[in-house]
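*Asks:* See query-v4.txt below, with compact mmCIF, C-alpha atoms.
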# COMPACT_ATOMS: atom_id res chain seq x y z
CA MET A 28 -56.74 -1.78 -43.03
CA ILE A 29 -52.97 -1.76 -42.60
CA PHE A 30 -50.97 0.39 -40.15
CA ILE A 31 -47.45 1.58 -40.87
CA ILE A 32 -45.68 2.98 -37.81
CA ASP A 33 -42.44 4.67 -38.75
CA ASP A 34 -41.15 8.10 -37.84
CA ASP A 35 -39.45 8.36 -41.20
CA GLN A 36 -42.33 9.62 -43.32
CA GLU A 37 -40.52 8.90 -46.59
CA MET A 38 -39.73 5.30 -45.62
CA ALA A 39 -43.35 4.81 -44.53
CA GLU A 40 -44.55 6.06 -47.91
CA CYS A 41 -42.22 3.66 -49.72
CA ILE A 42 -43.76 0.78 -47.76
CA SER A 43 -47.22 2.11 -48.50
CA LEU A 44 -46.45 2.31 -52.22
CA ALA A 45 -45.20 -1.29 -52.26
CA ILE A 46 -48.50 -2.40 -50.70
CA ARG A 47 -50.68 -0.28 -52.98
CA SER A 48 -48.93 -1.56 -56.08
CA ILE A 49 -50.51 -4.96 -55.47
CA LYS A 50 -53.57 -3.86 -53.49
CA PRO A 51 -54.61 -0.44 -54.77
CA ALA A 52 -57.82 -0.35 -52.73
CA GLU A 53 -56.17 -1.26 -49.42
CA SER A 54 -56.73 1.27 -46.67
CA ILE A 55 -53.38 2.30 -45.17
CA ARG A 56 -52.71 4.57 -42.21
CA ILE A 57 -49.28 5.94 -41.45
CA PHE A 58 -48.28 6.94 -37.92
CA SER A 59 -45.07 8.69 -36.96
CA ASN A 60 -45.14 7.51 -33.36
CA ALA A 61 -46.50 4.70 -31.22
CA ILE A 62 -48.75 6.89 -29.09
CA ALA A 63 -50.76 8.11 -32.08
CA ALA A 64 -51.19 4.54 -33.33
CA MET A 65 -52.23 3.29 -29.90
CA GLN A 66 -54.87 6.01 -29.62
CA VAL A 67 -56.43 4.92 -32.89
CA LEU A 68 -56.32 1.29 -31.78
CA ASP A 69 -58.23 2.28 -28.65
CA ASP A 70 -60.90 4.24 -30.46
CA GLU A 71 -61.34 2.80 -33.91
CA GLU A 72 -61.33 -0.26 -36.10
CA LEU A 73 -58.43 -2.70 -35.64
CA PRO A 74 -55.98 -3.15 -38.52
CA SER A 75 -55.41 -6.51 -40.17
CA LEU A 76 -51.63 -6.00 -40.21
CA ILE A 77 -49.05 -3.64 -38.70
CA PHE A 78 -45.64 -2.73 -40.12
CA LEU A 79 -43.65 -1.44 -37.16
CA ASP A 80 -40.32 0.34 -36.89
CA ILE A 81 -38.39 -0.16 -33.64
CA LEU A 82 -36.50 3.09 -33.11
CA LEU A 83 -39.32 5.57 -32.87
CA ASN A 84 -39.62 9.09 -31.60
CA GLY A 85 -40.99 8.69 -28.04
CA PRO A 86 -41.98 5.17 -26.92
CA ASP A 87 -40.11 2.62 -29.05
CA GLY A 88 -41.43 -0.35 -31.02
CA PHE A 89 -40.97 -2.76 -28.12
CA THR A 90 -43.08 -0.57 -25.86
CA PHE A 91 -45.75 -0.59 -28.55
CA LEU A 92 -45.53 -4.40 -28.83
CA ASN A 93 -45.89 -4.72 -25.06
CA GLU A 94 -48.96 -2.52 -25.14
CA LEU A 95 -50.38 -4.48 -28.05
CA SER A 96 -49.94 -7.82 -26.32
CA SER A 97 -51.65 -6.54 -23.16
CA TYR A 98 -55.13 -6.69 -24.70
CA SER A 99 -56.73 -9.81 -26.07
CA ASP A 100 -58.05 -8.18 -29.25
CA THR A 101 -54.90 -6.25 -30.21
CA ALA A 102 -52.63 -9.16 -29.27
CA LYS A 103 -53.98 -11.05 -32.28
CA ILE A 104 -52.92 -8.42 -34.83
CA PRO A 105 -49.98 -9.70 -36.89
CA VAL A 106 -46.96 -7.42 -36.72
CA VAL A 107 -44.07 -7.18 -39.16
CA ILE A 108 -41.00 -5.42 -37.79
CA VAL A 109 -39.25 -3.08 -40.22
CA SER A 110 -35.89 -2.00 -38.86
CA SER A 111 -32.22 -1.67 -39.63
CA LEU A 112 -31.32 -2.99 -36.18
CA SER A 113 -29.99 -6.51 -35.74
CA LEU A 114 -32.57 -8.21 -33.59
CA LYS A 115 -32.72 -11.74 -32.25
CA LYS A 116 -35.49 -13.91 -33.67
CA GLN A 117 -36.41 -15.16 -30.21
CA GLN A 118 -36.75 -11.60 -28.97
CA LEU A 119 -39.38 -10.93 -31.64
CA GLU A 120 -41.26 -14.23 -31.45
CA ASP A 121 -41.99 -13.59 -27.79
CA TYR A 122 -44.08 -10.66 -28.96
CA GLY A 123 -45.96 -12.61 -31.59
CA VAL A 124 -44.18 -10.92 -34.47
CA VAL A 125 -44.85 -12.68 -37.78
CA GLY A 126 -42.00 -11.24 -39.79
CA PHE A 127 -38.89 -9.13 -39.82
CA LEU A 128 -37.80 -6.87 -42.66
CA ASP A 129 -34.32 -5.39 -42.68
CA LYS A 130 -34.60 -1.82 -43.97
CA THR A 131 -31.17 -2.07 -45.56
CA THR A 132 -31.97 -5.10 -47.73
CA MET A 133 -35.76 -5.38 -48.10
CA THR A 134 -37.46 -5.19 -51.48
CA PRO A 135 -41.09 -4.35 -52.38
CA GLU A 136 -41.67 -8.10 -52.88
CA ASP A 137 -40.56 -8.75 -49.29
CA ILE A 138 -43.15 -6.25 -48.07
CA GLN A 139 -45.88 -7.59 -50.36
CA LYS A 140 -45.35 -11.13 -49.07
CA TYR A 141 -47.10 -10.20 -45.82
CA VAL A 142 -50.03 -8.33 -47.34
CA MET B 1 -9.41 4.23 -29.40
CA GLU B 2 -12.67 2.85 -27.99
CA SER B 3 -14.31 6.24 -28.37
CA GLU B 4 -13.05 6.49 -31.94
CA VAL B 5 -14.49 3.07 -32.83
CA ASN B 6 -17.76 4.04 -31.16
CA GLY B 7 -17.81 7.23 -33.21
CA ILE B 8 -17.27 5.32 -36.43
CA LEU B 9 -20.03 2.87 -35.50
CA VAL B 10 -22.50 5.64 -34.77
CA ALA B 11 -21.59 7.48 -37.97
CA ALA B 12 -22.00 4.26 -39.96
CA HIS B 13 -25.37 3.61 -38.36
CA GLU B 14 -26.56 7.14 -39.03
CA LEU B 15 -25.60 6.84 -42.67
CA LYS B 16 -27.49 3.56 -42.94
CA ALA B 17 -30.76 5.48 -42.67
CA PRO B 18 -30.37 7.70 -45.77
CA LEU B 19 -28.77 4.90 -47.78
CA SER B 20 -31.62 2.51 -46.95
CA LEU B 21 -34.13 5.19 -47.85
CA LEU B 22 -32.43 5.90 -51.17
CA ARG B 23 -32.63 2.20 -51.97
CA GLN B 24 -36.36 2.12 -51.19
CA LEU B 25 -36.94 5.27 -53.22
CA ALA B 26 -35.24 3.62 -56.18
CA PHE B 27 -37.69 0.71 -55.84
CA SER B 28 -40.52 3.21 -55.62
CA LEU B 29 -39.37 4.72 -58.91
CA GLU B 30 -39.78 1.31 -60.52
CA LEU B 31 -43.26 0.95 -59.02
CA THR B 32 -44.43 4.29 -60.39
CA GLU B 33 -43.39 3.73 -64.00
CA ASP B 34 -46.55 5.26 -65.48
CA ASP B 35 -46.96 8.16 -63.10
CA THR B 36 -44.77 11.07 -64.19
CA ALA B 37 -45.74 13.34 -61.28
CA ALA B 38 -44.99 10.65 -58.70
CA ARG B 39 -41.67 9.87 -60.37
CA THR B 40 -40.64 13.53 -60.33
CA LYS B 41 -41.52 13.75 -56.65
CA ILE B 42 -39.46 10.66 -55.86
CA GLN B 43 -36.53 11.96 -57.87
CA HIS B 44 -36.58 15.18 -55.83
CA GLN B 45 -36.75 13.15 -52.63
CA MET B 46 -33.71 11.15 -53.73
CA ILE B 47 -31.75 14.33 -54.33
CA ASP B 48 -32.80 15.76 -50.95
CA VAL B 49 -31.91 12.58 -49.07
CA SER B 50 -28.50 12.30 -50.72
CA ASP B 51 -27.84 16.02 -50.09
CA ARG B 52 -28.52 15.56 -46.39
CA ALA B 53 -26.32 12.48 -46.17
CA LEU B 54 -23.52 14.23 -48.03
CA LYS B 55 -23.78 17.21 -45.68
CA GLN B 56 -23.37 14.88 -42.74
CA VAL B 57 -20.33 13.24 -44.28
CA SER B 58 -18.90 16.64 -45.12
CA ASP B 59 -19.45 17.82 -41.51
CA LEU B 60 -17.67 14.74 -40.21
CA THR B 61 -14.66 15.46 -42.39
CA LYS B 62 -14.70 19.07 -41.16
CA ILE B 63 -14.51 17.81 -37.55
CA ALA B 64 -11.33 15.98 -38.46
CA ARG B 65 -9.92 19.24 -39.86
CA LEU B 66 -10.84 21.45 -36.87
CA ASP B 67 -7.49 20.85 -35.17
CA ASP B 68 -5.71 22.28 -38.20
CA GLY B 69 -7.39 25.63 -37.51
CA LEU B 70 -8.44 26.05 -41.12
CA PHE B 71 -11.76 27.68 -40.34
CA GLU B 72 -11.22 31.39 -39.89
CA MET B 73 -13.38 33.45 -37.61
CA GLU B 74 -14.99 36.49 -39.18
CA PRO B 75 -17.94 38.85 -38.72
CA VAL B 76 -21.05 37.02 -39.85
CA ALA B 77 -24.58 38.36 -40.34
CA ILE B 78 -26.40 35.66 -38.40
CA ARG B 79 -29.88 36.41 -39.74
CA GLY B 80 -28.66 35.79 -43.27
CA VAL B 81 -27.29 32.39 -42.29
CA CYS B 82 -30.54 31.53 -40.50
CA ASP B 83 -32.52 32.57 -43.59
CA GLU B 84 -30.41 30.32 -45.81
CA VAL B 85 -30.88 27.33 -43.50
CA THR B 86 -34.62 27.84 -43.16
CA SER B 87 -35.01 28.28 -46.89
CA GLU B 88 -33.17 25.01 -47.47
CA LEU B 89 -35.10 23.07 -44.84
CA ARG B 90 -38.58 24.54 -45.26
CA HIS B 91 -39.49 22.08 -47.99
CA LEU B 92 -38.38 19.13 -45.85
CA PHE B 93 -40.38 20.39 -42.87
CA ARG B 94 -43.47 20.79 -45.07
CA TYR B 95 -43.03 17.32 -46.51
CA ASN B 96 -43.00 15.91 -42.97
CA HIS B 97 -46.12 17.93 -42.03
CA LYS B 98 -44.16 20.24 -39.78
CA LYS B 99 -43.39 23.95 -39.75
CA LEU B 100 -40.23 25.93 -39.15
CA GLU B 101 -40.89 29.46 -37.89
CA THR B 102 -38.36 32.23 -37.37
CA SER B 103 -38.24 35.19 -35.05
CA TYR B 104 -35.39 37.70 -35.10
CA THR B 105 -35.18 40.43 -32.44
CA ASN B 106 -31.41 40.87 -32.19
CA HIS B 107 -30.00 44.39 -32.51
CA SER B 108 -26.42 43.24 -32.92
CA ARG B 109 -26.47 41.83 -36.41
CA LEU B 110 -22.90 40.61 -36.70
CA VAL B 111 -21.40 37.82 -34.65
CA VAL B 112 -17.90 36.41 -34.59
CA ALA B 113 -18.05 32.97 -36.13
CA ASN B 114 -17.02 30.89 -39.08
CA ARG B 115 -19.86 31.14 -41.57
CA GLU B 116 -19.55 27.57 -42.83
CA LEU B 117 -19.48 26.06 -39.34
CA LEU B 118 -22.27 28.33 -38.11
CA TYR B 119 -24.43 27.21 -41.02
CA SER B 120 -23.84 23.57 -40.05
CA VAL B 121 -24.67 24.20 -36.40
CA ILE B 122 -27.98 25.91 -37.21
CA TYR B 123 -28.76 23.32 -39.88
CA ASN B 124 -28.13 20.39 -37.52
CA PHE B 125 -30.18 21.92 -34.70
CA CYS B 126 -33.10 22.62 -37.06
CA LEU B 127 -32.94 19.11 -38.51
CA ASN B 128 -32.85 17.70 -35.01
CA ALA B 129 -35.89 19.80 -34.10
CA MET B 130 -37.75 18.45 -37.11
CA HIS B 131 -37.06 14.86 -36.13
CA TYR B 132 -38.12 15.43 -32.55
CA SER B 133 -41.24 17.46 -33.29
CA ASP B 134 -44.65 15.91 -33.33
CA LYS B 135 -46.53 15.73 -36.60
CA ASP B 136 -48.37 18.96 -37.46
CA SER B 137 -46.35 20.87 -34.90
CA ARG B 138 -43.89 23.69 -35.39
CA SER B 139 -40.27 24.34 -34.54
CA GLU B 140 -38.95 27.82 -33.85
CA LEU B 141 -35.65 29.39 -34.76
CA THR B 142 -35.11 32.51 -32.69
CA VAL B 143 -32.25 34.99 -32.77
CA ARG B 144 -32.03 37.54 -29.98
CA ASP B 145 -29.54 39.53 -27.93
CA TYR B 146 -28.51 37.79 -24.75
CA GLN B 147 -26.38 39.80 -22.31
CA ASP B 148 -23.36 40.86 -24.39
CA LYS B 149 -23.84 38.06 -26.93
CA VAL B 150 -26.25 36.98 -29.61
CA ARG B 151 -28.19 33.84 -28.90
CA PHE B 152 -29.81 31.68 -31.51
CA LEU B 153 -32.18 29.12 -30.19
CA VAL B 154 -34.00 26.25 -31.85
CA ARG B 155 -37.08 25.01 -30.04
CA ASP B 156 -38.94 21.82 -30.85
CA PHE B 157 -42.31 20.68 -29.61
CA GLY B 158 -42.22 16.97 -28.98
CA PRO B 159 -41.01 14.36 -26.51
CA SER B 160 -38.44 15.44 -23.94
CA LEU B 161 -34.77 15.03 -24.65
CA PRO B 162 -33.31 11.60 -23.78
CA THR B 163 -31.64 11.70 -20.35
CA ASP B 164 -28.16 10.71 -21.58
CA VAL B 165 -28.07 13.57 -24.08
CA TRP B 166 -29.45 15.94 -21.49
CA ARG B 167 -26.67 15.02 -19.06
CA SER B 168 -24.02 15.57 -21.76
CA LEU B 169 -25.46 18.97 -22.55
CA LYS B 170 -25.62 20.00 -18.92
CA LYS B 171 -21.90 19.36 -18.81
CA GLY B 172 -21.62 21.78 -21.71
CA TRP B 173 -20.98 19.56 -24.71
CA VAL B 174 -21.93 16.36 -26.37
CA GLU B 175 -18.51 14.77 -25.95
CA LYS B 176 -19.00 11.87 -28.30
CA PRO B 177 -21.59 10.65 -30.77
CA THR B 178 -24.43 9.16 -28.79
CA SER B 179 -25.20 5.47 -28.99
CA ILE B 180 -27.39 3.90 -31.62
CA ALA B 181 -30.12 3.55 -29.01
CA MET B 182 -31.14 7.00 -30.20
CA ARG B 183 -33.18 7.57 -33.29
CA PRO B 184 -31.28 6.90 -36.49
CA GLY B 185 -30.67 9.75 -38.86
CA SER B 186 -31.38 12.35 -36.25
CA SER B 187 -29.89 13.97 -33.26
CA GLY B 188 -27.03 11.82 -31.98
CA LEU B 189 -24.56 12.74 -34.65
CA GLY B 190 -26.13 16.09 -35.48
CA LEU B 191 -25.83 17.32 -31.91
CA TYR B 192 -22.28 16.05 -31.69
CA ILE B 193 -21.36 17.91 -34.87
CA ALA B 194 -23.09 21.08 -33.65
CA SER B 195 -21.30 20.83 -30.29
CA LYS B 196 -17.88 20.37 -31.88
CA PHE B 197 -18.33 23.31 -34.23
CA SER B 198 -19.68 25.57 -31.46
CA GLN B 199 -16.74 24.63 -29.26
CA TYR B 200 -14.34 25.56 -32.07
CA MET B 201 -16.03 28.95 -32.44
CA ASP B 202 -15.70 29.60 -28.68
CA ALA B 203 -19.46 29.76 -28.37
CA ASN B 204 -21.52 28.56 -25.45
CA VAL B 205 -23.92 25.77 -26.31
CA GLY B 206 -26.70 24.49 -24.13
CA ALA B 207 -30.20 23.17 -23.92
CA ILE B 208 -33.39 23.95 -22.07
CA ARG B 209 -35.66 21.05 -21.32
CA HIS B 210 -39.35 21.88 -21.60
CA ARG B 211 -42.35 19.80 -20.64
CA ASP B 212 -43.25 19.60 -24.32
CA GLY B 213 -39.89 19.60 -26.04
CA THR B 214 -36.40 21.01 -26.00
CA SER B 215 -34.59 24.21 -26.93
CA PHE B 216 -31.00 24.14 -28.07
CA PHE B 217 -29.11 27.39 -27.99
CA VAL B 218 -25.74 28.81 -28.90
CA ASP B 219 -24.40 32.12 -27.59
CA LEU B 220 -22.04 33.84 -29.99
CA PRO B 221 -19.80 36.85 -29.32
CA VAL B 222 -20.90 40.06 -30.99
CA SER B 223 -18.60 41.46 -33.66
CA LYS B 224 -17.39 45.00 -33.00
CA GLN B 225 -17.29 45.65 -36.72
CA ALA B 226 -20.11 47.94 -37.84
CA SER B 227 -22.96 46.12 -39.45
CA LEU B 228 -23.53 46.70 -43.15
CA PHE B 229 -27.18 45.96 -42.66
CA VAL B 230 -29.57 48.50 -41.25
Starting from the file, lay out its structure as structure tokens.
*Replies:*
Amino acid sequence: MIFIIDDDQEMAECISLAIRSIKPAESIRIFSNAIAAMQVLDDEELPSLIFLDILLNGPDGFTFLNELSSYSDTAKIPVVIVSSLSLKKQQLEDYGVVGFLDKTTMTPEDIQKYV
Amino acid sequence: MESEVNGILVAAHELKAPLSLLRQLAFSLELTEDDTAARTKIQHQMIDVSDRALKQVSDLTKIARLDDGLFEMEPVAIRGVCDEVTSELRHLFRYNHKKLETSYTNHSRLVVANRELLYSVIYNFCLNAMHYSDKDSRSELTVRDYQDKVRFLVRDFGPSLPTDVWRSLKKGWVEKPTSIAMRPGSSGLGLYIASKFSQYMDANVGAIRHRDGTSFFVDLPVSKQASLFV
């Protein structure tokens, strides 16, 4: 299962489509905010990968990453940041982020590389 | 000068969002080569996204022309403008799993405003409400009489307004486009545009902070001209 956390529903669906075009049977869940995603993480099965936007409605992506790294099981989930912000690599590695996709330049192949 | 550069930066950042989305939608078109229905849907999305971006650009150019006084004030039937905005945005709300509801109780139908600017103000507030609403929630556009004016109010149900925007609004206006720390493609620029246009129309603009969201309102003077609508 893959999580996509992005408050832009259309962008999230584009990412989902890129994944499904190589893995049609993959289970994908889209969340528009970090709180909704965190609730599912608390109650249900853990995803194998998370695509995470940084500027979210409500708690931002960094708050979500902090929350994720606070628990031993969720801390192991690989996270790919999808954002149009310029972020420092070091800033992301501290959170155990495995990849960064720039929304302004990414292609479906860039997304598929992590799936 | 610094404020001008900041404004340009914020505008550029805000426009990055629709342009990035258009690019991804174009890729999605390629990925759905054999699915006519999906392609049609994506094509409509591309038109909608570019329309919204163009509106924003057009509003920004209008701000630059406000000082020239080119926008004449006239009696405007506010419900009609609200209906046009809601009809344009309803599809977008539905697509994002949100609802836009209207409630009109005003007796004074005509207000003194510039129709074009008023449309932009209502449009920007509604779009802002959509961005700030939680999924599956509603936003409300209300028009009612308020003292000797007509108030339209857009209420969203979502996280509270960021403190910096709240402070600006308490002072009366959003004086400059808010920093990129805010959500892209949403309220920073939209609220700034709405504030500027309201200011031009001599209308009071403000916000009410709720536990579960925010209401933005604008009070417009009532036109003394008899309404053509019953």
*Asks:* Could you work out which residues of chain A fall inside 12 Å of chain B? Count all atoms listed in the file, and format the result as a PyMOL selection string.
*Replies:* chain A and resi 33-49+57-63+80-88+109-113+129-138
*Asks:* Expressed in Å to a single decimal, how great is the separation between atom CA of Ala77 of chain B and atom CA of Phe157 of chain B?
*Replies:*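 Atom-to-atom, atom CA of Ala77 of chain B and atom CA of Phe157 of chain B are spaced 27.2 Å apart.
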*Asks:* Do a neighbour search on segment 29-31 of chain A at 6 Å with all atoms listed in the file, toss out local chain neighbours closer than 2 positions, and write the hits as a ChimeraX atom specification.
*Replies:* /A:55-57,74-78
*Asks:* Next, the residues of the selection above should be written as an mmCIF file, in the coordinates of the input with C-alpha atoms.
*Replies:*
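To be explicit, this is the file written out as out-v7.cif:
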data_model
loop_
_atom_site.group_PDB
_atom_site.id
_atom_site.type_symbol
_atom_site.label_atom_id
_atom_site.label_comp_id
_atom_site.auth_asym_id
_atom_site.auth_seq_id
_atom_site.Cartn_x
_atom_site.Cartn_y
_atom_site.Cartn_z
ATOM 1 C CA ILE A 55 -53.380 2.300 -45.170
ATOM 2 C CA ARG A 56 -52.710 4.570 -42.210
ATOM 3 C CA ILE A 57 -49.280 5.940 -41.450
ATOM 4 C CA PRO A 74 -55.980 -3.150 -38.520
ATOM 5 C CA SER A 75 -55.410 -6.510 -40.170
ATOM 6 C CA LEU A 76 -51.630 -6.000 -40.210
ATOM 7 C CA ILE A 77 -49.050 -3.640 -38.700
ATOM 8 C CA PHE A 78 -45.640 -2.730 -40.120
#
*Asks:* In Å, rounded to a single decimal, give me how far atom CA of Tyr98 of chain A is from atom CA of Glu53 of chain A.
*Replies:* 25.3 Å
*Asks:* Please report the interatomic distance between atom CA of Cys82 of chain B and atom CA of Gln225 of chain B in Å with one decimal.
*Replies:*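 Distance reported for this atom pair: 19.7 Å.
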*Asks:* Can you work out which one of B:Leu9, B:Val76, B:Ile47, B:Val111 has the shortest atom-to-atom distance to Ser223 of chain B, counting all atoms listed in the file?
*Replies:*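 So, comparing all the options, the nearest one is B:Val111.
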*Asks:* Select from segment 47-108 of chain B every residue with an atom at most 7 Å from any atom of segment 141-145 of chain B, then for each give the shortest pair of atoms and their distance in Å to one decimal, using all atoms listed in the file, rows by chain and rising number, as a Markdown table.
*Replies:*
| residue | atom | partner | partner_atom | distance |
| --- | --- | --- | --- | --- |
| B:Glu101 | CA | B:Leu141 | CA | 6.1 |
| B:Thr102 | CA | B:Leu141 | CA | 4.7 |
| B:Ser103 | CA | B:Thr142 | CA | 4.7 |
| B:Tyr104 | CA | B:Val143 | CA | 4.8 |
| B:Thr105 | CA | B:Arg144 | CA | 4.9 |
| B:Asn106 | CA | B:Arg144 | CA | 4.0 |
| B:His107 | CA | B:Asp145 | CA | 6.7 |
| B:Ser108 | CA | B:Asp145 | CA | 7.0 |
